[in-house]
$ cat structure-v5.cif   # mmCIF, C-alpha atoms and all ligand atoms; chains and numbers go by the auth columns
data_structure
#
loop_
_atom_site.group_PDB
_atom_site.id
_atom_site.type_symbol
_atom_site.label_atom_id
_atom_site.label_comp_id
_atom_site.label_asym_id
_atom_site.label_seq_id
_atom_site.Cartn_x
_atom_site.Cartn_y
_atom_site.Cartn_z
_atom_site.B_iso_or_equiv
_atom_site.auth_seq_id
_atom_site.auth_asym_id
ATOM 1 C CA MET A 1 107.628 23.067 362.951 0.00 1 A
ATOM 2 C CA PRO A 2 110.742 23.540 360.793 0.00 2 A
ATOM 3 C CA GLU A 3 111.656 27.091 359.798 0.00 3 A
ATOM 4 C CA PHE A 4 112.080 27.884 356.086 0.00 4 A
ATOM 5 C CA THR A 5 114.013 30.842 354.677 0.00 5 A
ATOM 6 C CA SER A 6 114.091 31.482 350.929 0.00 6 A
ATOM 7 C CA VAL A 7 117.591 31.113 349.423 0.00 7 A
ATOM 8 C CA ILE A 8 116.803 31.473 345.710 0.00 8 A
ATOM 9 C CA ASN A 9 113.420 32.244 344.172 0.00 9 A
ATOM 10 C CA LYS A 10 111.770 30.880 341.029 0.00 10 A
ATOM 11 C CA ASP A 11 112.864 33.696 338.716 0.00 11 A
ATOM 12 C CA GLU A 12 116.453 33.637 339.905 0.00 12 A
ATOM 13 C CA ILE A 13 116.581 29.830 339.498 0.00 13 A
ATOM 14 C CA GLN A 14 115.473 30.207 335.867 0.00 14 A
ATOM 15 C CA ARG A 15 117.986 33.014 335.284 0.00 15 A
ATOM 16 C CA GLN A 16 120.828 30.896 336.668 0.00 16 A
ATOM 17 C CA VAL A 17 119.741 27.786 334.744 0.00 17 A
ATOM 18 C CA SER A 18 119.673 29.851 331.523 0.00 18 A
ATOM 19 C CA ARG A 19 123.116 31.266 332.245 0.00 19 A
ATOM 20 C CA VAL A 20 124.641 27.820 332.864 0.00 20 A
ATOM 21 C CA ALA A 21 122.793 26.288 329.871 0.00 21 A
ATOM 22 C CA ALA A 22 124.216 29.007 327.601 0.00 22 A
ATOM 23 C CA THR A 23 127.769 28.285 328.799 0.00 23 A
ATOM 24 C CA ILE A 24 127.331 24.519 328.358 0.00 24 A
ATOM 25 C CA SER A 25 125.837 25.028 324.873 0.00 25 A
ATOM 26 C CA LYS A 26 128.866 27.098 323.912 0.00 26 A
ATOM 27 C CA ASP A 27 131.383 24.658 325.423 0.00 27 A
ATOM 28 C CA TYR A 28 129.867 21.603 323.696 0.00 28 A
ATOM 29 C CA GLN A 29 128.936 23.243 320.378 0.00 29 A
ATOM 30 C CA GLY A 30 128.934 20.725 317.516 0.00 30 A
ATOM 31 C CA ARG A 31 129.374 17.802 319.906 0.00 31 A
ATOM 32 C CA GLU A 32 127.023 15.164 321.239 0.00 32 A
ATOM 33 C CA LEU A 33 126.400 15.362 324.980 0.00 33 A
ATOM 34 C CA VAL A 34 125.128 12.741 327.428 0.00 34 A
ATOM 35 C CA LEU A 35 123.458 14.245 330.494 0.00 35 A
ATOM 36 C CA ILE A 36 123.437 11.920 333.489 0.00 36 A
ATOM 37 C CA GLY A 37 121.088 13.089 336.212 0.00 37 A
ATOM 38 C CA VAL A 38 121.603 11.931 339.765 0.00 38 A
ATOM 39 C CA LEU A 39 118.259 10.797 341.178 0.00 39 A
ATOM 40 C CA LYS A 40 116.169 11.819 342.810 0.00 40 A
ATOM 41 C CA GLY A 41 117.251 15.350 343.653 0.00 41 A
ATOM 42 C CA ALA A 42 118.372 16.469 340.186 0.00 42 A
ATOM 43 C CA PHE A 43 115.113 15.652 338.372 0.00 43 A
ATOM 44 C CA LEU A 44 113.740 19.215 338.185 0.00 44 A
ATOM 45 C CA PHE A 45 117.107 20.845 337.521 0.00 45 A
ATOM 46 C CA LEU A 46 117.892 18.377 334.727 0.00 46 A
ATOM 47 C CA ALA A 47 114.450 18.912 333.174 0.00 47 A
ATOM 48 C CA ASP A 48 114.919 22.693 333.128 0.00 48 A
ATOM 49 C CA LEU A 49 118.564 22.580 332.040 0.00 49 A
ATOM 50 C CA ALA A 50 118.021 20.058 329.223 0.00 50 A
ATOM 51 C CA ARG A 51 115.256 22.177 327.692 0.00 51 A
ATOM 52 C CA GLN A 52 117.531 25.198 327.511 0.00 52 A
ATOM 53 C CA LEU A 53 120.507 23.522 325.839 0.00 53 A
ATOM 54 C CA LYS A 54 121.102 24.632 322.287 0.00 54 A
ATOM 55 C CA LEU A 55 122.801 21.454 321.095 0.00 55 A
ATOM 56 C CA GLU A 56 121.728 19.188 318.292 0.00 56 A
ATOM 57 C CA LYS A 57 122.274 15.861 320.024 0.00 57 A
ATOM 58 C CA VAL A 58 121.605 15.431 323.719 0.00 58 A
ATOM 59 C CA LYS A 59 121.045 12.048 325.351 0.00 59 A
ATOM 60 C CA ILE A 60 119.644 11.723 328.880 0.00 60 A
ATOM 61 C CA ASP A 61 120.097 9.012 331.467 0.00 61 A
ATOM 62 C CA PHE A 62 119.948 8.700 335.246 0.00 62 A
ATOM 63 C CA LEU A 63 121.918 7.211 338.092 0.00 63 A
ATOM 64 C CA GLN A 64 120.776 6.774 341.656 0.00 64 A
ATOM 65 C CA ALA A 65 123.036 6.676 344.648 0.00 65 A
ATOM 66 C CA SER A 66 121.992 6.065 348.239 0.00 66 A
ATOM 67 C CA SER A 67 120.378 9.101 349.830 0.00 67 A
ATOM 68 C CA TYR A 68 120.408 10.719 353.246 0.00 68 A
ATOM 69 C CA GLY A 69 117.136 9.028 354.170 0.00 69 A
ATOM 70 C CA ALA A 70 115.601 11.073 356.950 0.00 70 A
ATOM 71 C CA ASP A 71 118.990 12.145 358.231 0.00 71 A
ATOM 72 C CA ILE A 72 120.583 15.484 357.416 0.00 72 A
ATOM 73 C CA VAL A 73 124.144 14.307 357.944 0.00 73 A
ATOM 74 C CA SER A 74 125.892 13.145 354.778 0.00 74 A
ATOM 75 C CA SER A 75 126.572 9.429 354.504 0.00 75 A
ATOM 76 C CA GLU A 76 130.088 8.338 353.716 0.00 76 A
ATOM 77 C CA THR A 77 128.957 4.944 352.460 0.00 77 A
ATOM 78 C CA ILE A 78 127.638 5.354 348.942 0.00 78 A
ATOM 79 C CA VAL A 79 125.641 2.582 347.329 0.00 79 A
ATOM 80 C CA LEU A 80 124.614 2.603 343.656 0.00 80 A
ATOM 81 C CA LYS A 81 120.872 1.887 343.460 0.00 81 A
ATOM 82 C CA LYS A 82 120.374 2.443 339.725 0.00 82 A
ATOM 83 C CA ASP A 83 122.962 2.367 336.959 0.00 83 A
ATOM 84 C CA ILE A 84 122.885 4.031 333.535 0.00 84 A
ATOM 85 C CA ASP A 85 121.452 2.238 330.470 0.00 85 A
ATOM 86 C CA ILE A 86 123.124 4.286 327.720 0.00 86 A
ATOM 87 C CA ASP A 87 126.549 3.261 326.405 0.00 87 A
ATOM 88 C CA ILE A 88 128.816 6.225 327.228 0.00 88 A
ATOM 89 C CA HIS A 89 132.033 4.748 325.835 0.00 89 A
ATOM 90 C CA GLY A 90 133.820 7.517 323.892 0.00 90 A
ATOM 91 C CA LYS A 91 131.089 10.060 324.736 0.00 91 A
ATOM 92 C CA ASP A 92 131.152 13.473 326.384 0.00 92 A
ATOM 93 C CA VAL A 93 129.335 13.085 329.698 0.00 93 A
ATOM 94 C CA LEU A 94 127.914 15.784 331.942 0.00 94 A
ATOM 95 C CA VAL A 95 126.849 14.627 335.408 0.00 95 A
ATOM 96 C CA VAL A 96 123.921 16.719 336.627 0.00 96 A
ATOM 97 C CA GLU A 97 123.615 16.977 340.419 0.00 97 A
ATOM 98 C CA ASP A 98 121.217 18.785 342.720 0.00 98 A
ATOM 99 C CA ILE A 99 123.820 19.714 345.322 0.00 99 A
ATOM 100 C CA VAL A 100 127.477 18.897 345.965 0.00 100 A
ATOM 101 C CA ASP A 101 128.255 18.895 349.662 0.00 101 A
ATOM 102 C CA THR A 102 131.173 16.728 350.852 0.00 102 A
ATOM 103 C CA GLY A 103 131.643 15.651 347.227 0.00 103 A
ATOM 104 C CA LEU A 104 131.902 11.999 348.281 0.00 104 A
ATOM 105 C CA THR A 105 128.832 10.922 346.308 0.00 105 A
ATOM 106 C CA LEU A 106 130.107 12.629 343.182 0.00 106 A
ATOM 107 C CA ALA A 107 133.641 11.260 343.551 0.00 107 A
ATOM 108 C CA HIS A 108 132.153 7.758 343.792 0.00 108 A
ATOM 109 C CA LEU A 109 129.858 8.295 340.782 0.00 109 A
ATOM 110 C CA ILE A 110 132.616 9.807 338.627 0.00 110 A
ATOM 111 C CA ASN A 111 134.866 6.899 339.429 0.00 111 A
ATOM 112 C CA HIS A 112 132.064 4.504 338.473 0.00 112 A
ATOM 113 C CA LEU A 113 131.298 6.321 335.198 0.00 113 A
ATOM 114 C CA ALA A 114 134.996 6.553 334.277 0.00 114 A
ATOM 115 C CA GLY A 115 134.977 2.739 334.200 0.00 115 A
ATOM 116 C CA PHE A 116 132.769 2.870 331.066 0.00 116 A
ATOM 117 C CA GLY A 117 135.506 4.738 329.147 0.00 117 A
ATOM 118 C CA PRO A 118 133.788 8.050 328.262 0.00 118 A
ATOM 119 C CA LYS A 119 135.725 10.671 326.283 0.00 119 A
ATOM 120 C CA SER A 120 135.180 13.255 329.036 0.00 120 A
ATOM 121 C CA ILE A 121 133.263 13.689 332.297 0.00 121 A
ATOM 122 C CA LYS A 122 132.257 17.089 333.631 0.00 122 A
ATOM 123 C CA VAL A 123 130.021 18.099 336.508 0.00 123 A
ATOM 124 C CA CYS A 124 127.103 20.509 336.602 0.00 124 A
ATOM 125 C CA THR A 125 125.289 21.187 339.862 0.00 125 A
ATOM 126 C CA MET A 126 122.396 23.383 340.861 0.00 126 A
ATOM 127 C CA ILE A 127 124.094 24.161 344.186 0.00 127 A
ATOM 128 C CA ASP A 128 127.751 24.001 345.124 0.00 128 A
ATOM 129 C CA LYS A 129 127.895 23.846 348.947 0.00 129 A
ATOM 130 C CA SER A 130 131.535 24.345 349.749 0.00 130 A
ATOM 131 C CA GLU A 131 132.142 24.269 353.504 0.00 131 A
ATOM 132 C CA ARG A 132 132.180 20.512 354.113 0.00 132 A
ATOM 133 C CA ARG A 133 133.971 19.453 350.892 0.00 133 A
ATOM 134 C CA GLN A 134 136.123 16.351 351.468 0.00 134 A
ATOM 135 C CA ALA A 135 136.689 14.945 347.986 0.00 135 A
ATOM 136 C CA ALA A 136 138.963 16.753 345.540 0.00 136 A
ATOM 137 C CA ILE A 137 136.487 17.102 342.685 0.00 137 A
ATOM 138 C CA ASP A 138 136.038 19.854 340.119 0.00 138 A
ATOM 139 C CA VAL A 139 132.598 21.369 339.821 0.00 139 A
ATOM 140 C CA ASP A 140 132.604 22.652 336.243 0.00 140 A
ATOM 141 C CA TYR A 141 129.229 24.424 336.230 0.00 141 A
ATOM 142 C CA ALA A 142 127.176 25.668 339.203 0.00 142 A
ATOM 143 C CA CYS A 143 124.028 27.788 339.348 0.00 143 A
ATOM 144 C CA LEU A 144 124.484 28.844 342.937 0.00 144 A
ATOM 145 C CA THR A 145 127.284 28.640 345.497 0.00 145 A
ATOM 146 C CA VAL A 146 126.484 28.547 349.211 0.00 146 A
ATOM 147 C CA GLU A 147 128.755 27.903 352.149 0.00 147 A
ATOM 148 C CA LYS A 148 126.585 25.759 354.392 0.00 148 A
ATOM 149 C CA GLY A 149 123.096 24.924 355.645 0.00 149 A
ATOM 150 C CA PHE A 150 120.477 22.316 354.831 0.00 150 A
ATOM 151 C CA LEU A 151 118.453 23.205 351.745 0.00 151 A
ATOM 152 C CA VAL A 152 115.128 21.884 350.450 0.00 152 A
ATOM 153 C CA GLY A 153 112.921 22.486 347.420 0.00 153 A
ATOM 154 C CA TYR A 154 113.403 22.343 343.617 0.00 154 A
ATOM 155 C CA GLY A 155 114.193 18.620 343.857 0.00 155 A
ATOM 156 C CA LEU A 156 115.888 18.663 347.254 0.00 156 A
ATOM 157 C CA ASP A 157 114.099 16.759 350.008 0.00 157 A
ATOM 158 C CA TYR A 158 113.920 16.254 353.703 0.00 158 A
ATOM 159 C CA ALA A 159 112.608 12.713 354.371 0.00 159 A
ATOM 160 C CA GLU A 160 111.206 12.714 350.777 0.00 160 A
ATOM 161 C CA ASN A 161 109.153 15.881 351.346 0.00 161 A
ATOM 162 C CA TYR A 162 109.522 19.342 349.771 0.00 162 A
ATOM 163 C CA ARG A 163 111.010 18.194 346.419 0.00 163 A
ATOM 164 C CA ASN A 164 108.080 19.838 344.627 0.00 164 A
ATOM 165 C CA LEU A 165 108.648 23.335 346.030 0.00 165 A
ATOM 166 C CA PRO A 166 109.385 25.718 343.129 0.00 166 A
ATOM 167 C CA GLU A 167 112.090 27.588 345.014 0.00 167 A
ATOM 168 C CA ILE A 168 114.959 26.646 347.314 0.00 168 A
ATOM 169 C CA TYR A 169 114.772 27.194 351.051 0.00 169 A
ATOM 170 C CA HIS A 170 117.141 26.908 353.940 0.00 170 A
ATOM 171 C CA MET A 171 115.500 24.584 356.475 0.00 171 A
ATOM 172 C CA LYS A 172 116.067 24.784 360.206 0.00 172 A
ATOM 173 C CA LEU A 173 114.591 21.992 362.321 0.00 173 A
HETATM 174 P P1 LIG B . 127.741 14.668 349.306 0.00 1 B
HETATM 175 O O1 LIG B . 128.157 13.274 349.007 0.00 1 B
HETATM 176 O O2 LIG B . 128.324 15.698 348.350 0.00 1 B
HETATM 177 O O3 LIG B . 128.010 15.054 350.749 0.00 1 B
HETATM 178 O O4 LIG B . 126.180 14.723 349.225 0.00 1 B
HETATM 179 C C1 LIG B . 125.506 14.747 348.038 0.00 1 B
HETATM 180 C C2 LIG B . 124.038 14.404 348.215 0.00 1 B
HETATM 181 O O5 LIG B . 123.596 14.653 349.559 0.00 1 B
HETATM 182 C C3 LIG B . 123.202 15.315 347.333 0.00 1 B
HETATM 183 O O6 LIG B . 123.033 14.765 346.049 0.00 1 B
HETATM 184 C C4 LIG B . 121.912 15.410 348.120 0.00 1 B
HETATM 185 O O7 LIG B . 121.073 14.332 347.804 0.00 1 B
HETATM 186 C C5 LIG B . 122.360 15.301 349.567 0.00 1 B
HETATM 187 N N1 LIG B . 122.523 16.640 350.185 0.00 1 B
HETATM 188 C C6 LIG B . 123.662 17.308 350.470 0.00 1 B
HETATM 189 N N2 LIG B . 123.402 18.515 351.008 0.00 1 B
HETATM 190 C C7 LIG B . 122.058 18.624 351.051 0.00 1 B
HETATM 191 C C8 LIG B . 121.163 19.660 351.471 0.00 1 B
HETATM 192 O O8 LIG B . 121.527 20.766 351.909 0.00 1 B
HETATM 193 N N3 LIG B . 119.828 19.398 351.348 0.00 1 B
HETATM 194 C C9 LIG B . 119.350 18.216 350.852 0.00 1 B
HETATM 195 N N4 LIG B . 118.026 18.085 350.792 0.00 1 B
HETATM 196 N N5 LIG B . 120.154 17.221 350.436 0.00 1 B
HETATM 197 C C10 LIG B . 121.492 17.436 350.527 0.00 1 B
#
$ encode --input "structure-v5.cif" --output "structure tokens"
Amino acid sequence: MPEFTSVINKDEIQRQVSRVAATISKDYQGRELVLIGVLKGAFLFLADLARQLKLEKVKIDFLQASSYGADIVSSETIVLKKDIDIDIHGKDVLVVEDIVDTGLTLAHLINHLAGFGPKSIKVCTMIDKSERRQAAIDVDYACLTVEKGFLVGYGLDYAENYRNLPEIYHMKL
């Protein structure tokens, strides 16, 4: 049986999402923003974040990159499984991630999105996991920073399980 230890509870998640949403609302005041969620892990975070943004015009789209599968070691080969549908040329884009670990997925996705000619691309993540960072990317907004460990819940899975958990746990196999 895996061991689960709570890392951030429901109330604290909502507090952090509100804090980040307030900052984003201030930074993008009077502008149109395109949120691009990275499937599948960011689905809950994006849903909560989007509902707290105080901006007049927010568009939402999704991307999907290859996932860990049942492995807990990050893959260095990133494959795009689903592309965006919205035209982001000349738009302000905010990529919404569940967790940034090595940063390789994000670096690949940013590079891909830059090809569409957006006005700006920034990154918002629920969790910024710093220890194994390999790509030089800027995380502009983060709800929680952790050093290491494998986390599940609030969108994050292990072999497609646990995404529905309302809080985030550290999982030890
Ligand atoms: P990176 O390319 O930054 O190493 O990995 C990014 C992706 O790996 C995340 O979007 C997420 O799907 C997965 N990932 C990285 N760390 C964790 C973790 O601690 N738990 C889970 N469930 N997935 C993770």
$ resolve_selection --input "structure-v5.cif" --expression "the PyMOL selection byres (((chain A and resi 127) around 6) and not hetatm)" --output "PyMOL selection string"
chain A and resi 99+125-126+128+144-145
$ residues_near_ligand --input "structure-v5.cif" --ligand "ligand LIG 1 (chain B)" --cutoff "6 Å" --atoms "all atoms listed in the file" --output "list in words"
Gly41, Ser67, Ser74, Asp98, Ile99, Val100, Asp101, Thr102, Gly103, Leu104, Thr105, Gly149, Phe150, Leu151, Val152, Leu156, Asp157 and Tyr158 of chain A
$ resolve_selection --input "structure-v5.cif" --expression "the PyMOL selection byres (((chain A and resi 4-15) around 9) and not hetatm)" --output "PyMOL selection string"
chain A and resi 2-3+16-20+48+126+143-144+151-152+166-173
$ closest_residue --input "structure-v5.cif" --among "A:Tyr28, A:Ser130, A:Lys40, A:Val34" --to "A:Asn164" --atoms "only C-alpha atoms"
A:Lys40
$ residues_near_point --input "structure-v5.cif" --point "(120.7, 11.1, 327.0)" --cutoff "8 Å" --atoms "only C-alpha atoms" --output "list of chain:residue names"
A:Leu33, A:Val34, A:Leu35, A:Ile36, A:Val58, A:Lys59, A:Ile60, A:Asp61, A:Ile86
$ closest_residue --input "structure-v5.cif" --among "A:Lys57, A:Thr77, A:Val38, A:Ala22" --to "A:Val123" --atoms "only C-alpha atoms"
A:Val38
$ atom_distance --input "structure-v5.cif" --atom1 "atom CA of A:Ser25" --atom2 "atom CA of A:Val139"
16.8 Å
$ build_atoms --input "structure-v5.cif" --residues "stretch 101-134 of chain A" --atoms "N, CA and C atoms" --output "mmCIF file, in the coordinates of the input"
data_model
loop_
_atom_site.group_PDB
_atom_site.id
_atom_site.type_symbol
_atom_site.label_atom_id
_atom_site.label_comp_id
_atom_site.auth_asym_id
_atom_site.auth_seq_id
_atom_site.Cartn_x
_atom_site.Cartn_y
_atom_site.Cartn_z
ATOM 1 N N ASP A 101 127.969 18.510 348.279
ATOM 2 C CA ASP A 101 128.255 18.895 349.662
ATOM 3 C C ASP A 101 129.676 18.423 350.005
ATOM 4 N N THR A 102 129.824 17.243 350.588
ATOM 5 C CA THR A 102 131.173 16.728 350.852
ATOM 6 C C THR A 102 131.870 16.367 349.544
ATOM 7 N N GLY A 103 131.078 16.052 348.519
ATOM 8 C CA GLY A 103 131.643 15.651 347.227
ATOM 9 C C GLY A 103 131.897 14.150 347.165
ATOM 10 N N LEU A 104 131.610 13.445 348.242
ATOM 11 C CA LEU A 104 131.902 11.999 348.281
ATOM 12 C C LEU A 104 131.022 11.215 347.309
ATOM 13 N N THR A 105 129.741 11.609 347.230
ATOM 14 C CA THR A 105 128.832 10.922 346.308
ATOM 15 C C THR A 105 129.349 11.088 344.878
ATOM 16 N N LEU A 106 129.653 12.324 344.537
ATOM 17 C CA LEU A 106 130.107 12.629 343.182
ATOM 18 C C LEU A 106 131.421 11.925 342.844
ATOM 19 N N ALA A 107 132.351 11.919 343.782
ATOM 20 C CA ALA A 107 133.641 11.260 343.551
ATOM 21 C C ALA A 107 133.398 9.778 343.238
ATOM 22 N N HIS A 108 132.486 9.173 343.989
ATOM 23 C CA HIS A 108 132.153 7.758 343.792
ATOM 24 C C HIS A 108 131.504 7.555 342.413
ATOM 25 N N LEU A 109 130.568 8.439 342.063
ATOM 26 C CA LEU A 109 129.858 8.295 340.782
ATOM 27 C C LEU A 109 130.783 8.535 339.595
ATOM 28 N N ILE A 110 131.674 9.512 339.723
ATOM 29 C CA ILE A 110 132.616 9.807 338.627
ATOM 30 C C ILE A 110 133.544 8.619 338.404
ATOM 31 N N ASN A 111 134.000 8.068 339.494
ATOM 32 C CA ASN A 111 134.866 6.899 339.429
ATOM 33 C C ASN A 111 134.148 5.734 338.725
ATOM 34 N N HIS A 112 132.882 5.561 339.077
ATOM 35 C CA HIS A 112 132.064 4.504 338.473
ATOM 36 C C HIS A 112 131.893 4.751 336.970
ATOM 37 N N LEU A 113 131.543 5.990 336.608
ATOM 38 C CA LEU A 113 131.298 6.321 335.198
ATOM 39 C C LEU A 113 132.585 6.247 334.376
ATOM 40 N N ALA A 114 133.705 6.598 334.982
ATOM 41 C CA ALA A 114 134.996 6.553 334.277
ATOM 42 C C ALA A 114 135.292 5.125 333.807
ATOM 43 N N GLY A 115 134.785 4.153 334.539
ATOM 44 C CA GLY A 115 134.977 2.739 334.200
ATOM 45 C C GLY A 115 134.361 2.363 332.859
ATOM 46 N N PHE A 116 133.402 3.152 332.362
ATOM 47 C CA PHE A 116 132.769 2.870 331.066
ATOM 48 C C PHE A 116 133.564 3.462 329.893
ATOM 49 N N GLY A 117 134.642 4.185 330.193
ATOM 50 C CA GLY A 117 135.506 4.738 329.147
ATOM 51 C C GLY A 117 134.929 5.901 328.354
ATOM 52 N N PRO A 118 134.276 6.885 329.023
ATOM 53 C CA PRO A 118 133.788 8.050 328.262
ATOM 54 C C PRO A 118 134.945 8.909 327.784
ATOM 55 N N LYS A 119 134.678 9.778 326.788
ATOM 56 C CA LYS A 119 135.725 10.671 326.283
ATOM 57 C C LYS A 119 136.034 11.737 327.344
ATOM 58 N N SER A 120 134.988 12.251 327.986
ATOM 59 C CA SER A 120 135.180 13.255 329.036
ATOM 60 C C SER A 120 134.044 13.163 330.035
ATOM 61 N N ILE A 121 134.321 13.597 331.277
ATOM 62 C CA ILE A 121 133.263 13.689 332.297
ATOM 63 C C ILE A 121 133.384 15.053 332.955
ATOM 64 N N LYS A 122 132.299 15.819 332.903
ATOM 65 C CA LYS A 122 132.257 17.089 333.631
ATOM 66 C C LYS A 122 131.062 17.075 334.568
ATOM 67 N N VAL A 123 131.049 18.058 335.462
ATOM 68 C CA VAL A 123 130.021 18.099 336.508
ATOM 69 C C VAL A 123 129.276 19.428 336.468
ATOM 70 N N CYS A 124 127.951 19.318 336.520
ATOM 71 C CA CYS A 124 127.103 20.509 336.602
ATOM 72 C C CYS A 124 126.183 20.330 337.808
ATOM 73 N N THR A 125 126.155 21.301 338.694
ATOM 74 C CA THR A 125 125.289 21.187 339.862
ATOM 75 C C THR A 125 124.425 22.427 340.019
ATOM 76 N N MET A 126 123.241 22.223 340.554
ATOM 77 C CA MET A 126 122.396 23.383 340.861
ATOM 78 C C MET A 126 123.075 24.176 341.983
ATOM 79 N N ILE A 127 123.481 23.475 343.043
ATOM 80 C CA ILE A 127 124.094 24.161 344.186
ATOM 81 C C ILE A 127 125.448 23.543 344.539
ATOM 82 N N ASP A 128 126.418 24.414 344.691
ATOM 83 C CA ASP A 128 127.751 24.001 345.124
ATOM 84 C C ASP A 128 127.880 24.475 346.580
ATOM 85 N N LYS A 129 127.831 23.502 347.512
ATOM 86 C CA LYS A 129 127.895 23.846 348.947
ATOM 87 C C LYS A 129 129.296 23.517 349.442
ATOM 88 N N SER A 130 130.086 24.531 349.666
ATOM 89 C CA SER A 130 131.535 24.345 349.749
ATOM 90 C C SER A 130 132.121 23.946 351.110
ATOM 91 N N GLU A 131 131.468 24.342 352.204
ATOM 92 C CA GLU A 131 132.142 24.269 353.504
ATOM 93 C C GLU A 131 132.625 22.874 353.924
ATOM 94 N N ARG A 132 131.824 21.849 353.617
ATOM 95 C CA ARG A 132 132.180 20.512 354.113
ATOM 96 C C ARG A 132 132.871 19.624 353.076
ATOM 97 N N ARG A 133 133.373 20.230 351.981
ATOM 98 C CA ARG A 133 133.971 19.453 350.892
ATOM 99 C C ARG A 133 135.118 18.572 351.388
ATOM 100 N N GLN A 134 135.062 17.293 351.064
ATOM 101 C CA GLN A 134 136.123 16.351 351.468
ATOM 102 C C GLN A 134 136.832 15.748 350.272
#
